[in-house]
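Structure data follow from final.cif (mmCIF, C-alpha atoms and all ligand atoms):
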```cif
data_run
loop_
_atom_site.label_atom_id
_atom_site.label_comp_id
_atom_site.auth_asym_id
_atom_site.auth_seq_id
_atom_site.Cartn_x
_atom_site.Cartn_y
_atom_site.Cartn_z
CA MET A 1069 162.13 203.25 31.40
CA ASP A 1070 160.73 202.65 34.85
CA HIS A 1071 160.25 199.76 37.24
CA PHE A 1072 156.43 199.76 37.39
CA LEU A 1073 155.55 196.75 35.27
CA TYR A 1074 152.79 194.18 35.05
CA ARG A 1075 153.81 190.74 36.18
CA ASP A 1076 151.27 187.90 36.22
CA GLY A 1077 148.62 190.46 35.35
CA ILE A 1078 149.35 192.65 38.40
CA LEU A 1079 151.15 196.00 38.40
CA HIS A 1080 154.35 195.77 40.45
CA ALA A 1081 156.75 198.34 41.80
CA GLU A 1082 160.02 196.45 41.26
CA ASP A 1083 159.29 193.10 42.96
CA VAL A 1084 156.37 194.25 45.07
CA PRO A 1085 152.76 193.85 43.88
CA LEU A 1086 151.08 197.23 44.23
CA PRO A 1087 147.80 195.75 45.55
CA GLU A 1088 149.81 194.62 48.60
CA ILE A 1089 150.89 198.20 49.31
CA ALA A 1090 147.43 199.60 48.63
CA ALA A 1091 145.86 197.11 51.02
CA SER A 1092 148.39 197.75 53.75
CA VAL A 1093 148.87 201.53 53.55
CA GLY A 1094 145.49 202.47 52.12
CA THR A 1095 144.92 204.92 49.31
CA PRO A 1096 145.69 207.51 48.16
CA ALA A 1097 149.41 206.83 48.47
CA TYR A 1098 152.56 207.64 46.54
CA VAL A 1099 154.89 204.75 45.75
CA TYR A 1100 158.46 205.28 44.53
CA SER A 1101 160.90 202.87 42.93
CA ALA A 1102 164.47 203.21 44.17
CA ALA A 1103 165.77 201.49 41.03
CA THR A 1104 164.11 204.01 38.70
CA LEU A 1105 165.28 206.97 40.74
CA LEU A 1106 168.88 205.78 40.76
CA ARG A 1107 168.79 204.76 37.12
CA HIS A 1108 167.77 208.25 36.06
CA TYR A 1109 170.40 209.90 38.23
CA ARG A 1110 173.08 207.64 36.74
CA LEU A 1111 171.95 208.44 33.19
CA PHE A 1112 172.71 212.11 33.80
CA ASP A 1113 175.96 211.31 35.57
CA GLU A 1114 177.10 209.18 32.63
CA ALA A 1115 175.94 211.76 30.07
CA LEU A 1116 178.39 214.25 31.56
CA ASP A 1117 181.27 211.91 32.22
CA TRP A 1118 183.34 213.55 29.47
CA GLY A 1119 184.42 216.15 32.05
CA PRO A 1120 184.26 217.25 35.68
CA HIS A 1121 180.65 217.59 36.75
CA LEU A 1122 178.14 217.29 39.56
CA VAL A 1123 174.49 216.31 39.09
CA CYS A 1124 172.61 218.34 41.69
CA TYR A 1125 169.18 216.78 42.04
CA ALA A 1126 166.46 219.47 42.27
CA VAL A 1127 165.04 218.66 45.68
CA LYS A 1128 161.79 220.48 44.93
CA ALA A 1129 160.69 217.67 42.58
CA ALA A 1130 160.37 215.06 45.35
CA SER A 1131 161.94 215.88 48.67
CA ASN A 1132 161.36 212.94 51.00
CA VAL A 1133 164.54 212.43 53.03
CA ALA A 1134 164.66 208.75 52.08
CA LEU A 1135 164.79 209.68 48.37
CA LEU A 1136 167.47 212.27 49.04
CA LYS A 1137 169.49 209.70 50.98
CA LEU A 1138 169.33 207.22 48.10
CA LEU A 1139 170.61 209.83 45.67
CA GLY A 1140 173.08 211.40 48.07
CA ASP A 1141 174.67 208.05 48.86
CA GLU A 1142 175.11 207.55 45.13
CA GLY A 1143 177.16 210.76 44.99
CA ALA A 1144 174.49 213.20 43.86
CA GLY A 1145 174.65 216.84 44.79
CA MET A 1146 171.45 218.73 45.61
CA ASP A 1147 169.88 221.92 44.33
CA VAL A 1148 167.80 223.52 47.09
CA VAL A 1149 165.55 226.57 47.07
CA SER A 1150 164.80 227.03 50.74
CA GLU A 1151 166.17 226.41 54.21
CA GLY A 1152 163.67 223.57 54.49
CA GLU A 1153 165.13 221.82 51.44
CA TYR A 1154 168.67 222.48 52.68
CA ARG A 1155 167.79 220.92 56.03
CA ARG A 1156 166.26 217.90 54.30
CA ALA A 1157 169.39 217.39 52.20
CA ARG A 1158 171.60 217.64 55.27
CA ALA A 1159 169.30 215.29 57.20
CA ALA A 1160 169.83 212.82 54.35
CA GLY A 1161 173.59 213.04 54.93
CA VAL A 1162 174.49 215.22 51.93
CA PRO A 1163 177.47 217.44 52.80
CA GLY A 1164 177.14 221.20 52.32
CA ASP A 1165 179.87 221.20 49.68
CA ARG A 1166 177.54 219.23 47.40
CA ILE A 1167 174.57 221.59 47.85
CA VAL A 1168 173.79 224.59 45.66
CA PHE A 1169 171.26 227.17 46.79
CA SER A 1170 168.96 228.66 44.13
CA GLY A 1171 165.85 230.83 44.25
CA VAL A 1172 164.72 234.44 43.76
CA GLY A 1173 163.78 235.18 47.35
CA LYS A 1174 166.33 233.87 49.81
CA THR A 1175 165.81 235.48 53.20
CA PRO A 1176 168.64 236.75 55.43
CA GLY A 1177 167.85 233.93 57.87
CA GLU A 1178 168.16 231.33 55.12
CA MET A 1179 171.43 232.85 53.94
CA ARG A 1180 172.88 232.72 57.45
CA HIS A 1181 171.72 229.15 57.93
CA VAL A 1182 173.44 227.78 54.83
CA LEU A 1183 176.58 229.84 55.45
CA GLU A 1184 176.84 228.34 58.92
CA GLY A 1185 176.10 224.83 57.69
CA GLY A 1186 178.33 224.97 54.61
CA ILE A 1187 177.34 225.44 50.98
CA ARG A 1188 178.94 224.64 47.64
CA GLN A 1189 177.69 227.83 46.02
CA ILE A 1190 174.83 230.30 46.08
CA ASN A 1191 173.18 231.16 42.80
CA LEU A 1192 172.31 234.85 42.92
CA GLU A 1193 169.33 236.30 41.13
CA SER A 1194 169.24 240.05 41.81
CA GLU A 1195 171.24 243.10 42.86
CA PRO A 1196 169.53 243.47 46.26
CA GLU A 1197 170.15 239.78 46.91
CA TYR A 1198 173.90 239.86 46.29
CA ARG A 1199 174.34 243.07 48.24
CA MET A 1200 172.56 241.49 51.18
CA LEU A 1201 174.58 238.26 50.93
CA SER A 1202 177.82 240.23 50.77
CA GLU A 1203 176.95 242.02 53.98
CA ILE A 1204 175.91 238.85 55.81
CA ALA A 1205 178.85 236.74 54.65
CA SER A 1206 181.45 239.41 55.34
CA ASN A 1207 180.00 240.05 58.81
CA MET A 1208 180.37 236.32 59.45
CA GLY A 1209 183.96 236.45 58.18
CA ILE A 1210 183.12 234.05 55.34
CA GLU A 1211 183.79 234.22 51.62
CA VAL A 1212 181.04 232.29 49.85
CA PRO A 1213 181.31 230.91 46.30
CA VAL A 1214 178.64 232.47 44.08
CA THR A 1215 177.33 232.42 40.54
CA VAL A 1216 174.83 234.76 38.96
CA ARG A 1217 171.77 233.26 37.37
CA VAL A 1218 171.42 234.93 34.02
CA ASN A 1219 168.14 235.16 32.18
CA PRO A 1220 169.01 234.48 28.53
CA ASP A 1221 165.58 235.47 27.15
CA VAL A 1222 165.09 232.12 25.44
CA ASP A 1223 161.71 230.55 24.77
CA ALA A 1224 161.81 227.12 26.40
CA LYS A 1225 158.68 226.05 24.45
CA THR A 1226 157.01 224.65 27.53
CA HIS A 1227 153.92 225.46 29.63
CA GLU A 1228 153.93 229.20 30.41
CA LYS A 1229 153.69 228.56 34.16
CA ILE A 1230 156.96 226.65 34.20
CA ALA A 1231 159.01 228.66 31.67
CA THR A 1232 161.66 230.68 33.49
CA GLY A 1233 164.12 231.95 30.90
CA LYS A 1234 162.14 234.72 29.18
CA SER A 1235 162.67 238.36 30.04
CA GLU A 1236 159.13 238.63 31.44
CA ASN A 1237 159.86 235.90 34.01
CA LYS A 1238 160.96 236.86 37.53
CA PHE A 1239 164.08 234.70 37.37
CA GLY A 1240 167.71 235.74 37.02
CA ILE A 1241 169.44 238.87 35.81
CA PRO A 1242 169.00 239.92 32.16
CA ILE A 1243 172.02 238.53 30.36
CA ALA A 1244 172.69 241.95 28.85
CA LYS A 1245 173.34 243.31 32.36
CA ALA A 1246 175.70 240.52 33.33
CA ARG A 1247 178.99 242.37 32.70
CA ASN A 1248 178.00 245.23 34.98
CA VAL A 1249 176.75 242.86 37.63
CA TYR A 1250 179.94 240.79 37.64
CA ALA A 1251 181.99 244.01 37.77
CA GLU A 1252 180.12 245.07 40.91
CA LEU A 1253 180.34 241.59 42.44
CA ALA A 1254 184.11 241.64 42.10
CA THR A 1255 184.22 244.64 44.43
CA LEU A 1256 181.98 243.19 47.14
CA PRO A 1257 183.44 241.53 50.23
CA GLY A 1258 182.26 238.09 51.33
CA LEU A 1259 181.58 236.83 47.80
CA ARG A 1260 183.83 234.79 45.51
CA VAL A 1261 182.62 234.53 41.93
CA VAL A 1262 183.07 230.99 40.61
CA GLY A 1263 180.82 230.81 37.58
CA ILE A 1264 177.50 231.37 35.84
CA ASP A 1265 174.08 229.82 36.41
CA VAL A 1266 171.14 229.46 34.03
CA HIS A 1267 167.81 227.58 34.09
CA ILE A 1268 165.25 228.22 31.39
CA GLY A 1269 162.27 226.14 32.42
CA SER A 1270 160.85 222.72 33.10
CA GLN A 1271 159.40 219.88 31.02
CA LEU A 1272 161.41 220.83 27.91
CA THR A 1273 160.91 218.32 25.16
CA ASP A 1274 163.12 220.00 22.59
CA LEU A 1275 166.88 220.45 22.94
CA ASP A 1276 167.10 223.64 20.84
CA PRO A 1277 166.20 226.06 23.66
CA PHE A 1278 168.94 224.47 25.80
CA ARG A 1279 171.36 224.88 22.90
CA LEU A 1280 170.47 228.54 22.47
CA ALA A 1281 170.74 229.31 26.17
CA TYR A 1282 174.02 227.43 26.63
CA ARG A 1283 175.54 229.14 23.61
CA LYS A 1284 174.74 232.49 25.20
CA VAL A 1285 176.31 231.29 28.44
CA ALA A 1286 179.44 230.19 26.55
CA ASP A 1287 179.76 233.63 24.94
CA LEU A 1288 179.27 235.27 28.30
CA THR A 1289 181.92 233.03 29.86
CA GLU A 1290 184.45 234.27 27.34
CA THR A 1291 183.45 237.89 27.82
CA LEU A 1292 183.63 237.67 31.60
CA ARG A 1293 186.97 235.88 31.50
CA ALA A 1294 188.30 238.65 29.26
CA ASP A 1295 187.08 241.11 31.89
CA GLY A 1296 189.25 239.28 34.41
CA HIS A 1297 186.64 237.18 36.25
CA THR A 1298 187.14 233.58 37.25
CA ILE A 1299 184.50 231.45 35.53
CA ASP A 1300 185.31 227.84 36.36
CA ARG A 1301 181.85 226.47 36.95
CA LEU A 1302 178.70 226.48 34.87
CA ASP A 1303 175.42 225.54 36.52
CA LEU A 1304 173.15 224.75 33.59
CA GLY A 1305 169.93 224.14 35.54
CA GLY A 1306 167.41 221.37 35.05
CA GLY A 1307 164.42 221.13 32.79
CA LEU A 1308 164.68 218.03 30.64
CA GLY A 1309 161.14 216.69 30.15
CA ILE A 1310 159.64 213.24 30.49
CA PRO A 1311 157.10 211.34 28.37
CA TYR A 1312 153.85 211.77 30.30
CA GLU A 1313 151.88 209.93 27.65
CA ARG A 1314 153.20 206.54 26.79
CA SER A 1315 151.76 206.89 23.31
CA ASN A 1316 153.83 210.04 22.71
CA LEU A 1317 157.15 210.32 21.02
CA ALA A 1318 159.71 210.28 23.81
CA PRO A 1319 161.53 213.53 24.61
CA PRO A 1320 165.32 213.54 24.28
CA VAL A 1321 167.22 211.39 26.74
CA PRO A 1322 170.00 212.53 29.13
CA LEU A 1323 172.70 211.22 26.79
CA GLU A 1324 171.52 213.54 24.00
CA TYR A 1325 171.23 216.38 26.47
CA GLY A 1326 174.78 215.72 27.69
CA GLN A 1327 175.96 215.95 24.10
CA VAL A 1328 174.33 219.37 23.72
CA VAL A 1329 176.11 220.53 26.85
CA ARG A 1330 179.41 219.22 25.50
CA ASP A 1331 178.85 220.83 22.09
CA GLU A 1332 178.00 224.22 23.50
CA VAL A 1333 180.19 224.65 26.57
CA GLY A 1334 182.55 221.65 26.61
CA HIS A 1335 185.44 223.65 25.11
CA LEU A 1336 185.49 226.07 28.06
CA GLY A 1337 187.04 223.61 30.51
CA CYS A 1338 184.51 224.45 33.22
CA GLU A 1339 183.14 222.10 35.83
CA ILE A 1340 179.54 221.43 34.84
CA GLU A 1341 176.64 221.33 37.27
CA ILE A 1342 173.10 220.44 36.29
CA GLU A 1343 169.92 220.49 38.38
CA PRO A 1344 167.49 217.91 37.02
CA GLY A 1345 164.43 217.12 39.10
CA ARG A 1346 161.55 215.87 37.00
CA LEU A 1347 163.51 213.43 34.87
CA ILE A 1348 165.05 211.81 37.93
CA ALA A 1349 161.90 211.53 40.04
CA GLY A 1350 158.96 211.77 37.63
CA ASN A 1351 158.71 208.23 36.35
CA ALA A 1352 160.05 206.89 39.65
CA GLY A 1353 156.69 207.42 41.34
CA VAL A 1354 153.03 206.54 40.99
CA LEU A 1355 149.99 207.70 42.91
CA LEU A 1356 147.64 204.91 43.93
CA ALA A 1357 143.95 205.74 44.25
CA SER A 1358 140.80 203.71 44.81
CA VAL A 1359 137.48 204.08 43.10
CA ILE A 1360 134.84 205.28 45.57
CA PHE A 1361 131.88 205.50 43.22
CA VAL A 1362 131.02 205.35 39.57
CA LYS A 1363 128.41 208.05 39.10
CA GLU A 1364 126.23 208.43 36.06
CA GLY A 1365 126.14 212.02 34.83
CA GLU A 1366 124.52 213.71 31.85
CA GLY A 1367 126.07 211.92 28.92
CA ARG A 1368 129.12 210.93 30.93
CA ASP A 1369 130.24 208.71 33.75
CA PHE A 1370 132.27 210.10 36.60
CA LEU A 1371 134.89 207.88 38.12
CA ILE A 1372 135.12 209.29 41.64
CA LEU A 1373 138.46 208.44 43.25
CA ASP A 1374 139.75 208.84 46.78
CA ALA A 1375 142.68 210.89 45.42
CA ALA A 1376 142.01 214.52 44.64
CA MET A 1377 143.60 217.72 43.40
CA ASN A 1378 145.13 218.21 46.85
CA ASP A 1379 147.14 214.99 46.39
CA LEU A 1380 148.17 215.57 42.75
CA ILE A 1381 147.58 219.11 41.58
CA ARG A 1382 149.29 218.99 38.18
CA PRO A 1383 146.15 218.28 36.11
CA ALA A 1384 144.18 221.09 37.82
CA MET A 1385 147.10 223.52 37.75
CA TYR A 1386 148.61 222.95 34.31
CA GLY A 1387 146.03 220.80 32.56
CA ALA A 1388 148.70 218.10 32.79
CA HIS A 1389 148.17 214.58 31.52
CA HIS A 1390 148.96 211.53 33.66
CA ASP A 1391 148.39 208.04 32.37
CA ILE A 1392 145.95 206.18 34.63
CA VAL A 1393 146.18 202.41 34.73
CA PRO A 1394 144.36 199.78 36.76
CA LEU A 1395 146.47 197.57 39.02
CA ARG A 1396 144.98 194.56 37.28
CA GLU A 1397 146.23 194.41 33.73
CA THR A 1398 143.60 195.03 31.06
CA ALA A 1399 143.19 192.11 28.73
CA ALA A 1400 144.12 192.81 25.13
CA GLY A 1401 141.04 193.77 23.17
CA ALA A 1402 139.00 194.49 26.33
CA GLU A 1403 136.14 196.90 25.93
CA MET A 1404 137.06 200.39 27.12
CA HIS A 1405 134.79 202.97 28.68
CA PRO A 1406 135.12 206.78 28.75
CA TYR A 1407 135.26 208.25 32.26
CA ASP A 1408 135.64 211.74 33.66
CA VAL A 1409 138.08 210.95 36.43
CA VAL A 1410 137.54 213.19 39.44
CA GLY A 1411 138.33 213.48 43.15
CA PRO A 1412 136.09 214.25 46.12
CA VAL A 1413 137.20 217.89 46.60
CA CYS A 1414 134.53 220.56 46.33
CA GLU A 1415 135.77 222.22 43.16
CA SER A 1416 134.95 221.42 39.58
CA GLY A 1417 138.66 221.86 38.94
CA ASP A 1418 139.17 218.66 40.89
CA THR A 1419 139.09 216.78 37.61
CA PHE A 1420 142.07 214.68 36.59
CA THR A 1421 140.89 214.08 33.05
CA LYS A 1422 137.78 213.94 30.92
CA ALA A 1423 136.48 211.12 28.73
CA ARG A 1424 139.54 208.97 29.45
CA LEU A 1425 139.20 205.50 28.00
CA LEU A 1426 139.68 202.93 30.76
CA PRO A 1427 138.48 199.39 31.25
CA PRO A 1428 135.21 199.25 33.20
CA LEU A 1429 135.98 199.95 36.86
CA ALA A 1430 134.01 199.42 40.04
CA PRO A 1431 134.19 200.66 43.65
CA SER A 1432 137.33 199.48 45.50
CA ASP A 1433 139.29 198.94 42.29
CA VAL A 1434 142.69 200.59 42.56
CA VAL A 1435 144.34 202.59 39.82
CA ALA A 1436 147.80 204.13 39.47
CA PHE A 1437 148.57 207.59 38.12
CA ARG A 1438 151.86 207.16 36.34
CA SER A 1439 154.69 209.69 36.17
CA ALA A 1440 153.59 211.21 39.46
CA GLY A 1441 156.93 211.03 41.26
CA ALA A 1442 157.95 214.62 40.52
CA TYR A 1443 155.88 217.59 41.64
CA GLY A 1444 153.33 215.18 43.11
CA ALA A 1445 153.65 214.59 46.86
CA VAL A 1446 155.64 217.80 47.30
CA MET A 1447 152.73 219.90 46.02
CA ALA A 1448 150.12 218.08 48.07
CA SER A 1449 148.04 219.92 50.63
CA GLU A 1450 145.37 219.19 53.22
CA TYR A 1451 142.69 221.12 51.35
CA ASN A 1452 139.22 219.99 52.40
CA SER A 1453 140.95 218.65 55.57
CA ARG A 1454 142.21 215.62 53.77
CA PRO A 1455 145.30 214.36 55.64
CA LEU A 1456 148.56 214.63 53.73
CA VAL A 1457 149.04 211.73 51.32
CA PRO A 1458 151.54 209.08 52.54
CA GLU A 1459 154.69 208.00 50.69
CA VAL A 1460 156.17 204.53 50.24
CA LEU A 1461 159.57 203.49 48.92
CA VAL A 1462 160.21 200.16 47.19
CA ARG A 1463 163.62 198.61 46.58
CA GLY A 1464 163.60 195.09 45.17
CA GLU A 1465 161.36 193.06 47.45
CA ASN A 1466 161.54 195.57 50.28
CA TRP A 1467 159.13 198.34 50.86
CA SER A 1468 158.55 200.83 53.65
CA VAL A 1469 156.35 203.76 54.42
CA ILE A 1470 158.67 206.77 54.25
CA ARG A 1471 156.00 209.29 55.27
CA PRO A 1472 152.91 208.02 57.04
CA ARG A 1473 149.43 209.36 56.54
CA PRO A 1474 148.73 211.52 59.60
CA SER A 1475 145.67 210.53 61.58
CA TYR A 1476 142.81 212.99 61.74
CA ASP A 1477 143.70 213.56 65.38
CA GLU A 1478 147.30 214.43 64.47
CA MET A 1479 146.13 216.76 61.74
CA ILE A 1480 143.78 218.60 64.07
CA ALA A 1481 146.08 218.52 67.12
CA ARG A 1482 148.57 220.81 65.34
CA GLU A 1483 146.07 223.62 65.75
CA SER A 1484 144.97 225.25 68.94
CA VAL A 1485 142.22 227.53 70.11
CA PRO A 1486 143.64 230.54 71.98
CA ALA A 1487 142.50 230.80 75.59
CA TRP A 1488 141.02 234.23 74.84
CA LEU A 1489 138.60 232.65 72.39
CA ASP A 1490 137.49 230.07 74.86
CA GLY A 1491 135.49 232.39 77.08
C1 LIG B 1501 166.48 226.69 39.41
C2 LIG B 1501 165.86 225.38 39.07
N1 LIG B 1501 166.65 224.32 38.94
C3 LIG B 1501 166.15 223.10 38.66
C4 LIG B 1501 164.79 222.91 38.44
C5 LIG B 1501 164.33 221.53 38.12
O1 LIG B 1501 163.71 221.47 36.92
P1 LIG B 1501 163.21 220.07 36.34
O2 LIG B 1501 162.43 219.40 37.41
O3 LIG B 1501 162.39 220.45 35.19
O4 LIG B 1501 164.41 219.29 35.95
C6 LIG B 1501 163.93 224.01 38.52
C7 LIG B 1501 162.49 223.87 38.19
O5 LIG B 1501 162.10 224.24 37.09
C8 LIG B 1501 164.46 225.27 38.87
O6 LIG B 1501 163.67 226.33 39.00
N1 LIG B 1502 155.48 222.10 39.46
C1 LIG B 1502 155.79 222.08 38.07
C2 LIG B 1502 157.23 222.22 37.80
C3 LIG B 1502 157.85 223.38 38.47
C4 LIG B 1502 159.24 223.51 38.09
C5 LIG B 1502 160.01 224.13 39.19
N2 LIG B 1502 160.86 225.20 38.80
C6 LIG B 1502 155.19 220.86 37.40
O1 LIG B 1502 154.58 220.06 38.03
O2 LIG B 1502 155.29 220.65 36.24
#
```

Would you encode the structure as structure tokens?
Ligand SMILES: Cc1ncc(COP(=O)(O)O)c(C=O)c1O
Ligand SMILES: N[C@@H](CCCC[NH3+])C(=O)O
Amino acid sequence: MDHFLYRDGILHAEDVPLPEIAASVGTPAYVYSAATLLRHYRLFDEALDWGPHLVCYAVKAASNVALLKLLGDEGAGMDVVSEGEYRRARAAGVPGDRIVFSGVGKTPGEMRHVLEGGIRQINLESEPEYRMLSEIASNMGIEVPVTVRVNPDVDAKTHEKIATGKSENKFGIPIAKARNVYAELATLPGLRVVGIDVHIGSQLTDLDPFRLAYRKVADLTETLRADGHTIDRLDLGGGLGIPYERSNLAPPVPLEYGQVVRDEVGHLGCEIEIEPGRLIAGNAGVLLASVIFVKEGEGRDFLILDAAMNDLIRPAMYGAHHDIVPLRETAAGAEMHPYDVVGPVCESGDTFTKARLLPPLAPSDVVAFRSAGAYGAVMASEYNSRPLVPEVLVRGENWSVIRPRPSYDEMIARESVPAWLDG
């Protein structure tokens, strides 16, 4: 459920009519609903309330500081994968002891930064990484809580580009090597083992892969405990999918997911951490775009929008589907028209969808891409020198720009011509 609904024939974000935002901010623009974001966070929090837990929002999904502040103030932890994300979380007021640091390629500088600033735990993904962290932390006189991300070799049954738990993926340490790795970790200074981490992929619509992976983690917990290690915390990653097509059967909800977690690892008495991103932010955001032209092609009509692949790359990158709806509600029984919906960027890949049935649209009409809150604005670029897409946050009747669209001058002023080029 989200808070983008038609009221009096006009699509609203909570209590704000979206045409008002489009007219004021211009398009393209991302609009987020605070109520949806918080609702989804709370669903996860409640799904795990059978035991000690922390929902660490995956900052990569949508990382605007205002969104992080909303979630942080609600008690959320954060899962970060870079110093930049860590700094954003801290800027949003989230204390270090609610931040976990994931990722396969943490640099020494990033490690030092989070150790200085305070961190709940670092999820380690390779031998060279934990040896480096041990050296840095012990030189700083710190003992940092760590887990090892294990790769359980489970098929997450999702798009191959976002599956992370198979042996061919770059993520984690093969689960079969875990005993040796934990044995070495126990001898290294500067590190304090607290648990195990796993994350098998994103946009999972089936709970079985989670079940399989968590069962393996439960077995490993018992083995490692028998070896004498302290395993008090299980970070079970993110990955629960969302319904991108309203017509589709809905994927499992957080409550069902929480039950799987309880079934598989609940008996171990560990504190549970999860790292959901997409399910919290995905349906909490839409991308508004205006029609520039309707162009007649060979046997097709192109709906040319002012949003492009640089603003929302998911369709070009993964062939992803996003529902597209006009801001003015379509009358029941209205005649629909097939459009190839495209952006202005100079690539044929800048196609959002082909032959999509929409009501007849004309220049200046505004449409909304639904389910664009996660992996939307964060993956935007300035390709074709299109200034970075702005972001807006709505809460009830209030709305504010939380990231403005840079002017062309600002975009260009970041660059400089070296004196030695200037004659
Ligand atoms: C380590 C880690 N945690 C959490 C997430 C968030 O995943 P999702 O947005 O699918 O919940 C990801 C992305 O797949 C990830 O790589
Ligand atoms: N960017 C991807 C998800 C990446 C998941 C991050 N580990 C998407 O839009 O679906």

>> Can you measure atom CA of Arg1260 of chain A to atom N2 of ligand LIG 1502 (chain B) for me? One decimal in Å is fine.
In response: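 That distance, rounded to one decimal, is 25.8 Å.
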
Contacts with ligand LIG 1501 (chain B) at most 10 Å, only C-alpha atoms and all ligand atoms counted, listed as a JSON list (two decimals) with C-alpha atoms, keeping the file's coordinate frame:
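pocket.json written:
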```
[["chain", "number", "residue", "atom", "x", "y", "z"],
["A", 1124, "CYS", "CA", 172.61, 218.34, 41.69],
["A", 1125, "TYR", "CA", 169.18, 216.78, 42.04],
["A", 1126, "ALA", "CA", 166.46, 219.47, 42.27],
["A", 1127, "VAL", "CA", 165.04, 218.66, 45.68],
["A", 1128, "LYS", "CA", 161.79, 220.48, 44.93],
["A", 1129, "ALA", "CA", 160.69, 217.67, 42.58],
["A", 1130, "ALA", "CA", 160.37, 215.06, 45.35],
["A", 1146, "MET", "CA", 171.45, 218.73, 45.61],
["A", 1147, "ASP", "CA", 169.88, 221.92, 44.33],
["A", 1148, "VAL", "CA", 167.80, 223.52, 47.09],
["A", 1149, "VAL", "CA", 165.55, 226.57, 47.07],
["A", 1168, "VAL", "CA", 173.79, 224.59, 45.66],
["A", 1169, "PHE", "CA", 171.26, 227.17, 46.79],
["A", 1170, "SER", "CA", 168.96, 228.66, 44.13],
["A", 1171, "GLY", "CA", 165.85, 230.83, 44.25],
["A", 1172, "VAL", "CA", 164.72, 234.44, 43.76],
["A", 1191, "ASN", "CA", 173.18, 231.16, 42.80],
["A", 1217, "ARG", "CA", 171.77, 233.26, 37.37],
["A", 1229, "LYS", "CA", 153.69, 228.56, 34.16],
["A", 1230, "ILE", "CA", 156.96, 226.65, 34.20],
["A", 1231, "ALA", "CA", 159.01, 228.66, 31.67],
["A", 1232, "THR", "CA", 161.66, 230.68, 33.49],
["A", 1233, "GLY", "CA", 164.12, 231.95, 30.90],
["A", 1239, "PHE", "CA", 164.08, 234.70, 37.37],
["A", 1240, "GLY", "CA", 167.71, 235.74, 37.02],
["A", 1265, "ASP", "CA", 174.08, 229.82, 36.41],
["A", 1266, "VAL", "CA", 171.14, 229.46, 34.03],
["A", 1267, "HIS", "CA", 167.81, 227.58, 34.09],
["A", 1268, "ILE", "CA", 165.25, 228.22, 31.39],
["A", 1269, "GLY", "CA", 162.27, 226.14, 32.42],
["A", 1270, "SER", "CA", 160.85, 222.72, 33.10],
["A", 1271, "GLN", "CA", 159.40, 219.88, 31.02],
["A", 1272, "LEU", "CA", 161.41, 220.83, 27.91],
["A", 1303, "ASP", "CA", 175.42, 225.54, 36.52],
["A", 1304, "LEU", "CA", 173.15, 224.75, 33.59],
["A", 1305, "GLY", "CA", 169.93, 224.14, 35.54],
["A", 1306, "GLY", "CA", 167.41, 221.37, 35.05],
["A", 1307, "GLY", "CA", 164.42, 221.13, 32.79],
["A", 1308, "LEU", "CA", 164.68, 218.03, 30.64],
["A", 1309, "GLY", "CA", 161.14, 216.69, 30.15],
["A", 1310, "ILE", "CA", 159.64, 213.24, 30.49],
["A", 1342, "ILE", "CA", 173.10, 220.44, 36.29],
["A", 1343, "GLU", "CA", 169.92, 220.49, 38.38],
["A", 1344, "PRO", "CA", 167.49, 217.91, 37.02],
["A", 1345, "GLY", "CA", 164.43, 217.12, 39.10],
["A", 1346, "ARG", "CA", 161.55, 215.87, 37.00],
["A", 1347, "LEU", "CA", 163.51, 213.43, 34.87],
["A", 1348, "ILE", "CA", 165.05, 211.81, 37.93],
["A", 1349, "ALA", "CA", 161.90, 211.53, 40.04],
["A", 1350, "GLY", "CA", 158.96, 211.77, 37.63],
["A", 1442, "ALA", "CA", 157.95, 214.62, 40.52],
["A", 1443, "TYR", "CA", 155.88, 217.59, 41.64]]
```

> Hey, what's within 12 Å of Glu1082 of chain A if we count only C-alpha atoms and toss same-chain stuff fewer than 4 positions away? As a list in words, please?
Replying inline: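 Those residues are Asp1070, His1071, Phe1072, Leu1073, Tyr1074, Arg1075, Ile1078, Leu1086, Val1099, Tyr1100, Ser1101, Ala1102, Ala1103, Thr1104, Leu1105, Ala1352, Gly1353, Leu1461, Val1462, Arg1463, Gly1464, Glu1465, Asn1466 and Trp1467 of chain A.
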
> With only C-alpha atoms and all ligand atoms as the atoms that count, which of A:Pro1474, A:Pro1455, A:Pro1427, A:Gly1444 lies nearest to ligand LIG 1502 (chain B)?
Replying inline: A:Gly1444

> So which residues touch Val1329 of chain A within 9 Å, counting only C-alpha atoms, skipping near sequence neighbours fewer than 5 positions away, as a list in words?
Replying inline: Leu1116, Phe1278, Arg1279, Tyr1282, Leu1304, Glu1324, Gly1334 and Ile1340 of chain A

Those same residues, written as a PDB file, in the coordinates of the input with C-alpha atoms?
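Writing done, so here's result_28.pdb:
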```
ATOM      1  CA  LEU A1116     178.390 214.250  31.560  1.00  0.00           C
ATOM      2  CA  PHE A1278     168.940 224.470  25.800  1.00  0.00           C
ATOM      3  CA  ARG A1279     171.360 224.880  22.900  1.00  0.00           C
ATOM      4  CA  TYR A1282     174.020 227.430  26.630  1.00  0.00           C
ATOM      5  CA  LEU A1304     173.150 224.750  33.590  1.00  0.00           C
ATOM      6  CA  GLU A1324     171.520 213.540  24.000  1.00  0.00           C
ATOM      7  CA  GLY A1334     182.550 221.650  26.610  1.00  0.00           C
ATOM      8  CA  ILE A1340     179.540 221.430  34.840  1.00  0.00           C
TER       9      ILE A1340
END
```

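The smallest atom-to-atom distance between Pro1428 of chain A and any of A:Ala1445, A:Val1262, A:Met1404, A:Leu1373, using only C-alpha atoms, is found for A:Met1404.
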